[in-house]
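Colleague: The following block contains the structure, expressed as structure tokens.
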Amino acid sequence: MTATSLHSKTTSKQTLEIPKLARLSAKKLTLKHDKTSIIESLDVSLPEGKVTAIVGPNGCGKSTLLNGLSRVHSPSSGIVLLDGKDIHSLPSKEVARRLALLPQDTLAPDGITIEELIRFGRHPHQSMLKQWAMDDQQAINYALNAADLDGLKDRLLDTLSGGQRQRAWIAMSIAQETPLLLLDEPTSALDLGHQIEVFELIRHLSRQGKTLAMVVHDLPSACQYSDHIIAMKKGKIITQGSPKDVMTKELVRELYGVECDLIPDPMTGSPILINMKRIRS
Ligand SMILES: Nc1ncnc2c1ncn2[C@@H]1O[C@H](COP(=O)(O)OP(=O)(O)OP(=O)(O)O)[C@@H](O)[C@H]1O
């Protein structure tokens with residue numbers, strides 16, 4: 001692991017074609033587990049070309065929402081629109097060319113290497129008419145490099161540490177080269193250095209035109225690395241907007257039962273949380 005950030009590495013090496021924007025939104029979306037509504041009649045839209053952080057306490061429905069938006073979870077009512085069309089009416093491959101989801105729980109076949117895992121990300125780009133080509137290998141090399149995995153590409157996935165495995169899955173999502181990328185806690189297993197690299201990569205991808213949404217527990221990172229925050233509680237969006245506008249002492253207390261002070265980052269103006277103290281268990 002080098003101290004070089006992914007951002008600087010990805011800008012200094014091969015650059016892939018900038019993908020077109022894709023729009024993802026939901027109207028009156030209701031998602032249930034068993035017969036219980038987790039998300040009810042929710043309207044949401046991801047700002048194009050921006051990083052959205054979805055925050056909120058455990059169990060409030062963040063993963064359920066991400067799974068609903070990526071059509072892993074079918075709505076009980078309401079609609080998810082991908083570029084204006086009902087996502088459930090679109091062919092799977094077409095969706096997979098526009099939208100990649102990195103779920104919280106991942107499962108890979110036994111005995112595959114990192115590079116083989118990342119190759120799965122190219123599947124939506126293959127067809128009878130388009131076999132494996134140079135752009136596929138380029139996308140894999142880019143993803144390996146972006147996730148700091150060049151030296152590990154031939155290692156078996158099940159021999160890796162949790163953080164290395166998480167980076168391999170992030171690389172697979174990047175190799176899919178979709179304009180929309182949804183990431184469920186992408187840095188949960190990563191050390192501080194790799195967390196920063198992944199957040200910088202996410203920001204870098206948004207600067208290339210991609211639309212990203214990530215579920216994040218770490219509020220300071222959500223404020224620092226997102227353009228837009230969606231704050232959820234009990235299956236509802238209680239507020240959303242830029243970190244500067246949204247992040248208040250009152251919000252932190254309401255979401256997490258934590259008192260804190262907020263000071264502006266001297267460089268970016270985004271809020272920094274200090275003096276955090278739990279006020280109820
Ligand atoms: N497969 C399932 N079957 C039944 N209930 C589920 C299932 N998955 C999630 N739930 C319930 O749905 C609610 C929302 O879960 P979800 O995973 O979306 O929350 P979350 O905000 O992502 O939580 P966390 O921060 O802990 O990951 C929780 O009450 C959870 O227990």
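By order in the structure tokens, chains are A, B, ...; within a chain, residues start at 1; ligands start at 1, following the order shown.
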Could you list, as number ranges by chain, every residue within 10 Å of His33 of chain A, counting only C-alpha atoms and ignoring same-chain residues fewer than 6 positions away?

Modeller: A: 39, 64, 73, 76

Colleague: Write the residues you've just listed into a file as a PDB file, in the first residue's frame, and include N, CA and C atoms for each of them.

Modeller:
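part_9.pdb, freshly written:
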```
ATOM      1  N   ILE A  39     -39.793   1.228   3.854  1.00  0.00           N
ATOM      2  CA  ILE A  39     -39.805   2.534   3.192  1.00  0.00           C
ATOM      3  C   ILE A  39     -41.235   2.748   2.722  1.00  0.00           C
ATOM      4  N   THR A  64     -32.109  -0.957   2.344  1.00  0.00           N
ATOM      5  CA  THR A  64     -33.351  -1.311   1.655  1.00  0.00           C
ATOM      6  C   THR A  64     -33.607  -0.312   0.531  1.00  0.00           C
ATOM      7  N   HIS A  73     -34.537  -5.095  -4.944  1.00  0.00           N
ATOM      8  CA  HIS A  73     -35.730  -5.233  -4.107  1.00  0.00           C
ATOM      9  C   HIS A  73     -36.903  -4.618  -4.882  1.00  0.00           C
ATOM     10  N   SER A  76     -43.395  -2.606  -3.405  1.00  0.00           N
ATOM     11  CA  SER A  76     -44.788  -3.030  -3.203  1.00  0.00           C
ATOM     12  C   SER A  76     -45.695  -2.067  -3.937  1.00  0.00           C
TER      13      SER A  76
END
```

Colleague: Residues near Ser74 of chain A, anyone? I mean within 12 Å using only C-alpha atoms, not counting same-chain ones fewer than 3 positions away, as a PyMOL selection string.

Modeller: chain A and resi 29-33+39+64-71+77-80+86-89

Colleague: Save the residues we just selected, C-alpha atoms, as a PDB file, in the first residue's frame?

Modeller:
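So the final result, stored in result-v1.pdb, reads:
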```
ATOM      1  CA  LEU A  29     -41.753   4.122  -3.397  1.00  0.00           C
ATOM      2  CA  THR A  30     -42.872   1.581  -0.815  1.00  0.00           C
ATOM      3  CA  LEU A  31     -40.532  -1.294   0.031  1.00  0.00           C
ATOM      4  CA  LYS A  32     -41.456  -4.098   2.421  1.00  0.00           C
ATOM      5  CA  HIS A  33     -39.632  -6.895   4.162  1.00  0.00           C
ATOM      6  CA  ILE A  39     -39.805   2.534   3.192  1.00  0.00           C
ATOM      7  CA  THR A  64     -33.351  -1.311   1.655  1.00  0.00           C
ATOM      8  CA  LEU A  65     -33.582   1.994  -0.222  1.00  0.00           C
ATOM      9  CA  LEU A  66     -30.358   1.333  -2.155  1.00  0.00           C
ATOM     10  CA  ASN A  67     -31.583  -2.172  -3.055  1.00  0.00           C
ATOM     11  CA  GLY A  68     -34.912  -0.722  -4.164  1.00  0.00           C
ATOM     12  CA  LEU A  69     -33.240   1.909  -6.327  1.00  0.00           C
ATOM     13  CA  SER A  70     -31.095  -0.741  -8.008  1.00  0.00           C
ATOM     14  CA  ARG A  71     -34.083  -3.092  -8.514  1.00  0.00           C
ATOM     15  CA  SER A  77     -45.964   0.191  -4.785  1.00  0.00           C
ATOM     16  CA  GLY A  78     -44.491   3.224  -6.463  1.00  0.00           C
ATOM     17  CA  ILE A  79     -41.887   3.322  -9.200  1.00  0.00           C
ATOM     18  CA  VAL A  80     -38.134   3.616  -9.715  1.00  0.00           C
ATOM     19  CA  ASP A  86     -39.576   2.100 -15.018  1.00  0.00           C
ATOM     20  CA  ILE A  87     -36.408   0.241 -14.031  1.00  0.00           C
ATOM     21  CA  HIS A  88     -38.354  -3.023 -13.790  1.00  0.00           C
ATOM     22  CA  SER A  89     -39.415  -2.728 -17.427  1.00  0.00           C
TER      23      SER A  89
END
```

Colleague: Compile a residue-level contact table for segment 38-134 of chain A against segment 146-163 of chain A at a cut-off of 6 Å, reporting for every qualifying residue the shortest atom pair and its distance in Å to one decimal, with only C-alpha atoms counted, rows ordered by chain and ascending number, as JSON lines.

Modeller:
```
{"residue": "A:Ile112", "atom": "CA", "partner": "A:Leu156", "partner_atom": "CA", "distance": 5.6}
{"residue": "A:Thr113", "atom": "CA", "partner": "A:Leu156", "partner_atom": "CA", "distance": 4.1}
{"residue": "A:Ile114", "atom": "CA", "partner": "A:Lys153", "partner_atom": "CA", "distance": 5.0}
{"residue": "A:Glu115", "atom": "CA", "partner": "A:Lys153", "partner_atom": "CA", "distance": 5.1}
```

Colleague: What are the closest atom pairs, with distances in Å to one decimal, for each residue of chain A lying within 9 Å of ligand 1, using only C-alpha atoms and all ligand atoms, rows by chain and rising residue number, as a Markdown table?

Modeller:
```
| residue | atom | partner | partner_atom_place_in_ligand_line | distance |
| --- | --- | --- | --- | --- |
| A:Lys32 | CA | ligand 1 | 12 (O) | 7.9 |
| A:His33 | CA | ligand 1 | 4 (C) | 4.6 |
| A:Asp34 | CA | ligand 1 | 4 (C) | 5.9 |
| A:Lys35 | CA | ligand 1 | 4 (C) | 8.8 |
| A:Thr36 | CA | ligand 1 | 5 (N) | 7.9 |
| A:Ser37 | CA | ligand 1 | 12 (O) | 8.3 |
| A:Ile38 | CA | ligand 1 | 12 (O) | 5.7 |
| A:Ile39 | CA | ligand 1 | 14 (C) | 8.3 |
| A:Val55 | CA | ligand 1 | 21 (O) | 7.9 |
| A:Gly56 | CA | ligand 1 | 21 (O) | 6.4 |
| A:Pro57 | CA | ligand 1 | 25 (O) | 5.7 |
| A:Asn58 | CA | ligand 1 | 25 (O) | 3.5 |
| A:Gly59 | CA | ligand 1 | 19 (O) | 3.4 |
| A:Cys60 | CA | ligand 1 | 21 (O) | 3.9 |
| A:Gly61 | CA | ligand 1 | 18 (O) | 3.3 |
| A:Lys62 | CA | ligand 1 | 21 (O) | 3.9 |
| A:Ser63 | CA | ligand 1 | 22 (O) | 3.7 |
| A:Thr64 | CA | ligand 1 | 18 (O) | 3.7 |
| A:Leu65 | CA | ligand 1 | 18 (O) | 6.5 |
| A:Leu66 | CA | ligand 1 | 18 (O) | 8.1 |
| A:Asn67 | CA | ligand 1 | 18 (O) | 8.4 |
| A:Gln104 | CA | ligand 1 | 27 (O) | 7.8 |
| A:Asp184 | CA | ligand 1 | 22 (O) | 8.1 |
| A:Glu185 | CA | ligand 1 | 27 (O) | 8.1 |
| A:Val215 | CA | ligand 1 | 22 (O) | 7.7 |
| A:Val216 | CA | ligand 1 | 25 (O) | 8.3 |
| A:His217 | CA | ligand 1 | 25 (O) | 7.1 |
| A:Met232 | CA | ligand 1 | 21 (O) | 8.0 |
| A:Lys233 | CA | ligand 1 | 21 (O) | 8.2 |
| A:Lys234 | CA | ligand 1 | 14 (C) | 8.2 |
| A:Gly235 | CA | ligand 1 | 14 (C) | 7.5 |
```

Colleague: Could you pull the residues within 9 Å of Ala100 of chain A, counting only C-alpha atoms, minus those fewer than 2 positions along the same chain, as a list of chain:residue names?

Modeller: A:Ser70, A:Val95, A:Ala96, A:Arg97, A:Arg98, A:Leu102, A:Gly121, A:Ser173, A:Ile174, A:Gln176, A:Glu177, A:Thr178, A:Pro179, A:Leu180, A:Leu181, A:Leu182, A:Leu183

Colleague: Just list as JSON, numbers by chain whatever in segment 25-202 of chain A DSSP marks as strand (DSSP E or B).

Modeller: {"A": [25, 26, 27, 28, 29, 30, 31, 32, 33, 36, 37, 38, 39, 40, 41, 42, 43, 44, 45, 51, 52, 53, 54, 55, 77, 78, 79, 80, 81, 82, 85, 86, 99, 100, 101, 102, 113, 156, 180, 181, 182, 183, 184]}

Colleague: Rounded to one decimal place, report the atom CA of Ala139 of chain A-atom CA of Asp191 of chain A distance in Å.

Modeller: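 That distance, rounded to one decimal, is 25.4 Å.
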